[in-house]
Each structure stands twice: as C-alpha cells, then as structure tokens.
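Everything below concerns the one structure shown next.
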Amino acid sequence: MAVGTEVPWLAPQPTRWDDTADVVVVGFGIAGACAAIGAAEAGANVLILERTGAAGGASALAAGHFYLGGGTPVQQATGHEDSSAAMRDYLTAVSPDPDHLKVDAYCVGSVAHFAWLESQGLTFERSFYPGKAVVQPGTEGLMWTGNEKVSPYLDQARPAPRGHKVNAPAERGGHEVMRVLTERVRELGIRVRYETEVDQLVADGDHIVGARWPGGAASGAVVLAAGGFVMNPGMLAAHTRLAQHFLPLGVPTDDGLGIRLGQSAGAATAHMDGAFLTASFYPPDTLLHGIIVNKAGQRFVAEDSYHGRTAGAVVAQPDSTAYLIVDSKHMAWPELPMVKFIDGWETVALMEAALDIPVGALQETLANYNVAAADEHDPELGKHPDWITPLTQGPWGAFDLTPGTATYVGFTLGGLSTTVDGEVLRTDGSTIEGLYAAGACASNIAQDTGGYSSGTCLGEGSFFGRRAGAHAALRRQEGD
C-alpha cells in the first residue's frame, strides 16, 4: 500500500465521551463552515473539529468565486438572462457522468442559495466584468468563468455568466469568504475545537455515532469536510495523473484524511481520477487569437476554452506536448507567469523546424486556419468569432504549454460518494447512517478539468455543505 493511503480502523464507543453534540463537523473550510451553519439553523448543537489553529483550509486560497445562476440578483442587475434549466443543461453537458439529482438540486436552488450567502454577511457587487480573464481584476461581481460560450456547449445550453465573486480583490476573495463565515459561526454559538485531528470514526454497529482524536472523542452525527487529497503523493499516484509536472494547489491538510475516514466505514468513492489543472496563458485576451497545436502540428482544442479545459486537452496529447502560436499582431506577454516563451521566427517553416514538427504540417494547419479566419469562421473546432483573426503578420512566436516546461497547478475533484443531502454511500448504494460528507472530500458537481468552471468548489462546497448539515441535524433530532 502506498504511503498515505492507509485507511483507519473504526473505533468502538468510548466508556466516556469528552464532548457531545448533535452534529460534529470535521474541517473548517467552506463546506465545514456551511455544514455547521446549516445544522445550527436547523436547531442542532454543533461542534467543529479543525486540525489546524485557524479556519480557512484551501477555501481561503480561492479567488472568491461561487458558480451560481438561474437568475441571481447580480445577473439580473447586469442584464444577463439565465434560468435553472439553462444552467442544468450546461452542467449536464460538461460533466462526463452527471449526477442528475445533484445537478437539478444545485441549479433549482441556486438563486435561493445566493440569497442565503448574502444573509450570512457575504456581499456581491452588482457589476459585470466582460473580459476574458482567470479572475476579475477588481471587485466586479460577475464574469464568465467556464465554457458557456465555447463550442460545442454554446449550442447545447443557453449561455450566461455565472462566476459570482465576493466584493473583495481576487487575492483576498477566499480569505474574505472565510472571515465572514467564521464570524457567522461565532454569532450562532457554534463551538470550535482547533488543533484537533480526527483519526477515527466511532461506530455503533453499522451506524456512525461520533469522531475520535488522540486523547478524546465527541458523539454526534459526523459531517466530513476535511478537504481533498492533492497533498498526498500516495493517493495522487494511486488515483490520478497529477503525480508529475504540476504544483499542488492546496494546504498541507489536503491529504485525503476525510476520504480515508469515510472508507473506514465502508464508503464508496467516485471520480477519484478527476482533477483540475491549469497553466493559463491568458490574460491578456489577445493571445486567444493564436492557435494551439500538438507535436504533430494539429489543432485539438478551441483556443477560447476556459483555461482548465485547455489544460486537460494538452495533457491528453501525445507526450502532453503543445504550443501556442501567435503572429506579431497578437504577440503579448502573459500576465500570469505560467507558460514559457520559446522564440520568434521570420517564417512558419523555420518555426516548424525549430519545434520539431513534421515538415509542412504546421504550415498547412496555419494556412487552413487563416482561410477560414478571413471569414471569422472556424469549421474545425468552432472557436468563437470574437477570437478569430488570420495570423498572417510575421514574425511568428511560440509559447510552450507542455507540462514540466509550463507551470501547471491543480487540485483533486474526486471523493466520497454521497446522496444529494450529503449522506455517505456504500458501494451497494445504501447510506451509512450518521455519516455525511461535503466539499473537496466528496464527489458532487465537478468531475474533471474539462467540465470545471471557476467557482464550482466554493459553490458546491457551500451548497452541499449547508444541505448536509441541515439533514444531519434533522435526522439526529428524529433519533436516527
């Protein structure tokens, strides 16, 4: 067994509980905070167990996006029509194996969830950023953060921008989210025990009745919200392709503990190979006018794709090799230092030879692209006309998108299998009584980098975390 993949043993009930609650939440990131608040709002006595000395987790590193839609106040104020049906159609189209119950619940409940987030104290500017970027440059409340306007999804679901960012600069967005939610936890009188690492779940037969840490234990229904496993090399090697040529985007406690705790109770997992990757070459958006080719000189992804979709397509190419080609009219330096400029050449033939692309292949690809681009058309990959311009003004330059040369960052998306209410499932589809999971240690909406949109983690973590906490509280009060 690889180091870091060991599954703990279930613990028997102690002779004496050190603490008692209706709901015990393991982890204090976005999902844990919202699970605790949801449980408290349902009338439960709640205890949060956090491994570190402060709230936040990986959520505090985020830019502060929530992927929400269906006609939120920000969408309405900025003139963007949306519906839960259009949002559902999009999320279904981009998901390899969509969980229709979860997608439906998330989309139908999106507007109400936005209102709930604001009721907790989060604020969202009623403004829109129209540019193509990884995150809004200011405090704009809405932007495009996925592939809604990208072929083929443009024709499969009515597009609308759904990236709602809290009213804070990008570098402070996640911190602001967690600051507000931590304050809300305090206002509700929710107890928090810091520097407490849960190492076992406590069982009574086939029910989970509490959680144990070295030297103590607390009784209650348990909500696992302990993060993903991007910091666990053993789990990465066992489940994903992230073991090489990328930088993990997370915190040290993203070691898969929540998943392994669930597995100790017989939990099933889903989409454990799923991961988000990016080495974005935009902004500036002028670089989107270029073309991306593999080592055979062939295009393989629409260049206007969301950066995560582009990254996934690059990794899937032979030897994961790819280049961004631009002419002098569209040459610019990426604002994010993630991709490396190779060189410039006076002719496409010289560039082709320098990149070791088969003779004539890149020249043919670029010539065919330019013919169609003259009519603002891309019959091969459906690139949006906004980004289609002939690349005819030499010299031509190339950026290397190959992992190991370009700097890729990423995090995991797979986790415990759960119901729409966060109940953890066994491999036979039955629920494990008393055990819930949400956030990065559960598998919910996001399944792979090609279907990911910025804001999905905070969006689904808060939505399903809140739902799990409320359901755990109600079941506990019913005596289950």
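Note on naming: chains are A, B, ... as they come in the structure tokens, residues start from 1 per chain, ligands start from 1 in the order shown.
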(message) Give me, as JSON, numbers by chain, all polymer residues having an atom no more than 10 Å from Val293 (chain A), counting only C-alpha atoms and skipping those fewer than 6 positions away in the same chain.
(response) {"A": [299, 300, 301, 303, 314, 317, 321, 322, 323, 324, 325, 357, 362, 365, 366, 401]}
(request) Name the residues in contact with region 470-474 of chain A at a cut-off of 12 Å, using only C-alpha atoms, excluding same-chain residues fewer than 3 positions from it; report them as a PyMOL selection string. (result) chain A and resi 21-25+34-47+208-209+220-224+419-424+432-438+463-467+477-480
(message) For Phe114 (chain A), find every residue with an atom within 9 Å (counting only C-alpha atoms), except residues of its own chain fewer than 2 positions away, and show them as a list in words.
(response)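 Surrounding residues, per the criterion: Phe66, Leu68, Gly69, Thr72, Pro73, Gly109, Ser110, Val111, Ala112, Trp116, Leu117, Glu118 and Ser119 of chain A.
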What would the file look like if the residues just selected were written as an mmCIF file, in the first residue's frame with all heavy atoms?
```
data_model
loop_
_atom_site.group_PDB
_atom_site.id
_atom_site.type_symbol
_atom_site.label_atom_id
_atom_site.label_comp_id
_atom_site.auth_asym_id
_atom_site.auth_seq_id
_atom_site.Cartn_x
_atom_site.Cartn_y
_atom_site.Cartn_z
ATOM 1 N N PHE A 66 -18.179 31.999 -6.653
ATOM 2 C CA PHE A 66 -19.212 30.997 -6.470
ATOM 3 C C PHE A 66 -19.892 30.811 -7.820
ATOM 4 O O PHE A 66 -20.362 31.783 -8.417
ATOM 5 C CB PHE A 66 -20.262 31.442 -5.442
ATOM 6 C CG PHE A 66 -19.755 31.515 -4.025
ATOM 7 C CD1 PHE A 66 -19.007 32.606 -3.594
ATOM 8 C CD2 PHE A 66 -20.046 30.509 -3.122
ATOM 9 C CE1 PHE A 66 -18.554 32.685 -2.281
ATOM 10 C CE2 PHE A 66 -19.595 30.577 -1.809
ATOM 11 C CZ PHE A 66 -18.848 31.663 -1.387
ATOM 12 N N LEU A 68 -22.871 30.205 -9.592
ATOM 13 C CA LEU A 68 -24.307 30.256 -9.306
ATOM 14 C C LEU A 68 -25.030 30.862 -10.500
ATOM 15 O O LEU A 68 -24.448 31.627 -11.278
ATOM 16 C CB LEU A 68 -24.576 31.089 -8.057
ATOM 17 C CG LEU A 68 -23.914 30.587 -6.761
ATOM 18 C CD1 LEU A 68 -24.034 31.635 -5.671
ATOM 19 C CD2 LEU A 68 -24.539 29.270 -6.317
ATOM 20 N N GLY A 69 -26.301 30.533 -10.641
ATOM 21 C CA GLY A 69 -27.051 31.060 -11.782
ATOM 22 C C GLY A 69 -28.543 30.908 -11.584
ATOM 23 O O GLY A 69 -29.040 30.834 -10.465
ATOM 24 N N THR A 72 -29.825 35.132 -10.667
ATOM 25 C CA THR A 72 -29.466 35.766 -9.398
ATOM 26 C C THR A 72 -29.635 37.281 -9.504
ATOM 27 O O THR A 72 -29.684 37.849 -10.606
ATOM 28 C CB THR A 72 -28.012 35.464 -9.021
ATOM 29 O OG1 THR A 72 -27.151 36.113 -9.963
ATOM 30 C CG2 THR A 72 -27.738 33.964 -9.010
ATOM 31 N N PRO A 73 -29.697 37.971 -8.369
ATOM 32 C CA PRO A 73 -29.785 39.437 -8.416
ATOM 33 C C PRO A 73 -28.629 40.092 -9.179
ATOM 34 O O PRO A 73 -28.826 41.129 -9.818
ATOM 35 C CB PRO A 73 -29.774 39.824 -6.934
ATOM 36 C CG PRO A 73 -30.383 38.649 -6.240
ATOM 37 C CD PRO A 73 -29.883 37.458 -7.000
ATOM 38 N N GLY A 109 -31.872 25.334 -6.803
ATOM 39 C CA GLY A 109 -31.662 26.047 -5.544
ATOM 40 C C GLY A 109 -30.641 27.152 -5.594
ATOM 41 O O GLY A 109 -30.338 27.765 -4.560
ATOM 42 N N SER A 110 -30.128 27.464 -6.775
ATOM 43 C CA SER A 110 -29.010 28.400 -6.878
ATOM 44 C C SER A 110 -29.368 29.819 -6.448
ATOM 45 O O SER A 110 -28.609 30.464 -5.708
ATOM 46 C CB SER A 110 -28.485 28.404 -8.322
ATOM 47 O OG SER A 110 -27.303 29.157 -8.426
ATOM 48 N N VAL A 111 -30.498 30.329 -6.889
ATOM 49 C CA VAL A 111 -30.885 31.699 -6.534
ATOM 50 C C VAL A 111 -31.124 31.811 -5.030
ATOM 51 O O VAL A 111 -30.683 32.770 -4.377
ATOM 52 C CB VAL A 111 -32.131 32.137 -7.329
ATOM 53 C CG1 VAL A 111 -32.634 33.489 -6.834
ATOM 54 C CG2 VAL A 111 -31.805 32.220 -8.817
ATOM 55 N N ALA A 112 -31.817 30.824 -4.468
ATOM 56 C CA ALA A 112 -32.058 30.836 -3.030
ATOM 57 C C ALA A 112 -30.747 30.714 -2.252
ATOM 58 O O ALA A 112 -30.578 31.332 -1.191
ATOM 59 C CB ALA A 112 -33.007 29.700 -2.653
ATOM 60 N N TRP A 116 -29.062 33.124 0.534
ATOM 61 C CA TRP A 116 -28.580 32.623 1.836
ATOM 62 C C TRP A 116 -27.159 33.094 2.097
ATOM 63 O O TRP A 116 -26.845 33.518 3.220
ATOM 64 C CB TRP A 116 -28.655 31.100 1.852
ATOM 65 C CG TRP A 116 -28.239 30.480 3.141
ATOM 66 C CD1 TRP A 116 -29.003 30.311 4.265
ATOM 67 C CD2 TRP A 116 -26.942 29.945 3.468
ATOM 68 N NE1 TRP A 116 -28.273 29.700 5.257
ATOM 69 C CE2 TRP A 116 -27.008 29.463 4.798
ATOM 70 C CE3 TRP A 116 -25.744 29.816 2.766
ATOM 71 C CZ2 TRP A 116 -25.913 28.868 5.435
ATOM 72 C CZ3 TRP A 116 -24.664 29.232 3.393
ATOM 73 C CH2 TRP A 116 -24.740 28.767 4.707
ATOM 74 N N LEU A 117 -26.301 33.039 1.089
ATOM 75 C CA LEU A 117 -24.929 33.515 1.269
ATOM 76 C C LEU A 117 -24.908 34.985 1.672
ATOM 77 O O LEU A 117 -24.144 35.389 2.567
ATOM 78 C CB LEU A 117 -24.131 33.306 -0.024
ATOM 79 C CG LEU A 117 -23.804 31.859 -0.397
ATOM 80 C CD1 LEU A 117 -23.231 31.790 -1.804
ATOM 81 C CD2 LEU A 117 -22.832 31.230 0.592
ATOM 82 N N GLU A 118 -25.738 35.786 1.023
ATOM 83 C CA GLU A 118 -25.788 37.205 1.398
ATOM 84 C C GLU A 118 -26.353 37.379 2.811
ATOM 85 O O GLU A 118 -25.924 38.286 3.542
ATOM 86 C CB GLU A 118 -26.610 37.993 0.387
ATOM 87 C CG GLU A 118 -25.925 38.146 -0.963
ATOM 88 C CD GLU A 118 -26.379 39.369 -1.735
ATOM 89 O OE1 GLU A 118 -27.613 39.579 -1.811
ATOM 90 O OE2 GLU A 118 -25.518 40.105 -2.259
ATOM 91 N N SER A 119 -27.275 36.504 3.206
ATOM 92 C CA SER A 119 -27.837 36.605 4.550
ATOM 93 C C SER A 119 -26.805 36.264 5.624
ATOM 94 O O SER A 119 -26.958 36.674 6.781
ATOM 95 C CB SER A 119 -29.052 35.683 4.690
ATOM 96 O OG SER A 119 -28.676 34.320 4.803
#
```
(request) Enumerate the residues of region 312-467 of chain A with a DSSP assignment of helix (DSSP H, G or I), computed from the backbone, and present them as a PyMOL selection string. (result) chain A and resi 312-315+318-320+328-330+348-354+361-373+385-387+439-441+449-451+456-467
(request) Determine, counting only C-alpha atoms, which protein, DNA and RNA residues have an atom within 7 Å of an atom of Lys149 (chain A); residues of the same chain fewer than 3 positions away are not included. Present the result as a count of residues only. (result) 3
Sorted by chain and rising residue number, which residues of region 365-436 of chain A lie within 12 Å of region 450-455 of chain A, and what are their closest atom pairs and distances in Å to one decimal, counting only C-alpha atoms, as a Markdown table?
```
| residue | atom | partner | partner_atom | distance |
| --- | --- | --- | --- | --- |
| A:Gly410 | CA | A:Tyr452 | CA | 11.7 |
| A:Phe411 | CA | A:Tyr452 | CA | 11.5 |
| A:Thr412 | CA | A:Tyr452 | CA | 11.4 |
| A:Leu413 | CA | A:Tyr452 | CA | 9.5 |
```
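Distance-wise, CA of Met231 (chain A) and CA of Val198 (chain A) end up 17.5 Å apart.
With CA of Ala446 (chain A) on one side and CA of Gly274 (chain A) on the other, the separation reads 8.3 Å.
Comparing the minimum interatomic distances between Glu335 (chain A) and each of A:Thr456, A:Ser264, A:Ser280, A:Thr449, counting only C-alpha atoms, we find that A:Ser280 sits nearest.
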(request) Would you mind telling me which residue in A:Glu187, A:Asp304, A:Asp285, A:Asp255 lies nearest to Asn147 (chain A) when using only C-alpha atoms? (result) A:Asp304
(message) Between A:Gly297, A:Glu376, A:Asp448, A:Ala63, which residue has the minimum interatomic distance to Val134 (chain A), considering only C-alpha atoms?
(response)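 Closest to Val134 (chain A) of all the choices is A:Ala63.
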(request) Please indicate the distance in Å from CA of Ser305 (chain A) to CA of Gly29 (chain A), rounded to one decimal place. (result)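 Going from CA of Ser305 (chain A) over to CA of Gly29 (chain A), I get 29.4 Å.
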(message) Residues near Gly56 (chain A), anyone? I mean within 10 Å using only C-alpha atoms, not counting same-chain ones fewer than 6 positions away, as JSON, numbers by chain.
(response) {"A": [27, 28, 29, 30, 32, 33, 50, 174, 175, 176, 177, 178, 179, 181, 182, 251]}
(message) According to DSSP computed on the backbone, where in region 9-54 of chain A is there strand (DSSP E)? Give the residues as number ranges by chain.
(response) A: 19-26, 46-49
Taking 4 positions as the minimum chain separation for residues in the same chain, which residues sit within 10 Å of Asn232 (chain A) when counting only C-alpha atoms? Answer as a PDB file with N, CA, C and O atoms, in the first residue's frame.
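File written: selection.pdb
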```
ATOM      1  N   VAL A   3       2.355   4.886   0.660  1.00  0.00           N
ATOM      2  CA  VAL A   3       2.368   5.716   1.859  1.00  0.00           C
ATOM      3  C   VAL A   3       1.293   6.796   1.742  1.00  0.00           C
ATOM      4  O   VAL A   3       1.143   7.456   0.724  1.00  0.00           O
ATOM      5  N   GLY A   4       0.514   6.959   2.815  1.00  0.00           N
ATOM      6  CA  GLY A   4      -0.520   7.979   2.821  1.00  0.00           C
ATOM      7  C   GLY A   4      -1.858   7.497   2.313  1.00  0.00           C
ATOM      8  O   GLY A   4      -2.786   8.282   2.205  1.00  0.00           O
ATOM      9  N   THR A   5      -1.984   6.203   1.991  1.00  0.00           N
ATOM     10  CA  THR A   5      -3.258   5.680   1.513  1.00  0.00           C
ATOM     11  C   THR A   5      -3.926   4.769   2.538  1.00  0.00           C
ATOM     12  O   THR A   5      -4.980   4.199   2.263  1.00  0.00           O
ATOM     13  N   GLY A 228      -9.559  17.815   0.024  1.00  0.00           N
ATOM     14  CA  GLY A 228      -9.199  16.816  -0.974  1.00  0.00           C
ATOM     15  C   GLY A 228      -7.909  16.103  -0.630  1.00  0.00           C
ATOM     16  O   GLY A 228      -7.495  16.051   0.536  1.00  0.00           O
ATOM     17  N   LEU A 236      -2.349  10.466  -4.850  1.00  0.00           N
ATOM     18  CA  LEU A 236      -2.248  11.012  -6.206  1.00  0.00           C
ATOM     19  C   LEU A 236      -1.762   9.948  -7.176  1.00  0.00           C
ATOM     20  O   LEU A 236      -2.303   9.786  -8.275  1.00  0.00           O
ATOM     21  N   ALA A 237      -0.721   9.224  -6.783  1.00  0.00           N
ATOM     22  CA  ALA A 237      -0.172   8.193  -7.663  1.00  0.00           C
ATOM     23  C   ALA A 237      -1.169   7.068  -7.881  1.00  0.00           C
ATOM     24  O   ALA A 237      -1.242   6.490  -8.976  1.00  0.00           O
ATOM     25  N   ALA A 243       0.782  13.092 -10.541  1.00  0.00           N
ATOM     26  CA  ALA A 243       1.990  12.807  -9.770  1.00  0.00           C
ATOM     27  C   ALA A 243       3.220  13.559 -10.264  1.00  0.00           C
ATOM     28  O   ALA A 243       4.203  13.689  -9.551  1.00  0.00           O
ATOM     29  N   PRO A 248       0.910  21.417  -6.533  1.00  0.00           N
ATOM     30  CA  PRO A 248      -0.372  21.216  -5.855  1.00  0.00           C
ATOM     31  C   PRO A 248      -0.932  22.537  -5.346  1.00  0.00           C
ATOM     32  O   PRO A 248      -0.208  23.338  -4.747  1.00  0.00           O
ATOM     33  N   PRO A 252      -1.535  21.979   3.521  1.00  0.00           N
ATOM     34  CA  PRO A 252      -0.965  20.695   3.956  1.00  0.00           C
ATOM     35  C   PRO A 252      -1.993  19.664   4.404  1.00  0.00           C
ATOM     36  O   PRO A 252      -1.756  18.458   4.278  1.00  0.00           O
ATOM     37  N   THR A 253      -3.121  20.109   4.926  1.00  0.00           N
ATOM     38  CA  THR A 253      -4.133  19.165   5.403  1.00  0.00           C
ATOM     39  C   THR A 253      -4.996  18.587   4.287  1.00  0.00           C
ATOM     40  O   THR A 253      -5.885  17.771   4.557  1.00  0.00           O
ATOM     41  N   ASP A 254      -4.727  18.957   3.036  1.00  0.00           N
ATOM     42  CA  ASP A 254      -5.422  18.328   1.903  1.00  0.00           C
ATOM     43  C   ASP A 254      -4.738  16.994   1.588  1.00  0.00           C
ATOM     44  O   ASP A 254      -4.182  16.779   0.518  1.00  0.00           O
ATOM     45  N   ASP A 255      -4.803  16.085   2.547  1.00  0.00           N
ATOM     46  CA  ASP A 255      -4.085  14.815   2.432  1.00  0.00           C
ATOM     47  C   ASP A 255      -5.025  13.618   2.331  1.00  0.00           C
ATOM     48  O   ASP A 255      -4.595  12.472   2.493  1.00  0.00           O
ATOM     49  N   GLY A 256      -6.311  13.884   2.076  1.00  0.00           N
ATOM     50  CA  GLY A 256      -7.252  12.795   1.880  1.00  0.00           C
ATOM     51  C   GLY A 256      -7.763  12.144   3.147  1.00  0.00           C
ATOM     52  O   GLY A 256      -8.419  11.098   3.083  1.00  0.00           O
ATOM     53  N   LEU A 257      -7.519  12.729   4.303  1.00  0.00           N
ATOM     54  CA  LEU A 257      -7.932  12.113   5.562  1.00  0.00           C
ATOM     55  C   LEU A 257      -9.447  11.906   5.598  1.00  0.00           C
ATOM     56  O   LEU A 257      -9.921  10.846   6.037  1.00  0.00           O
TER      57      LEU A 257
END
```
(request) Compile the contact shell of Ala373 (chain A) as a list in words: residues with an atom at most 6 Å away, counting only C-alpha atoms, same-chain residues fewer than 3 positions apart removed. (result)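 Close residues of Ala373 (chain A): Tyr369, Asn370, Glu376, His377, Ile388, Thr389 and Pro390 of chain A.
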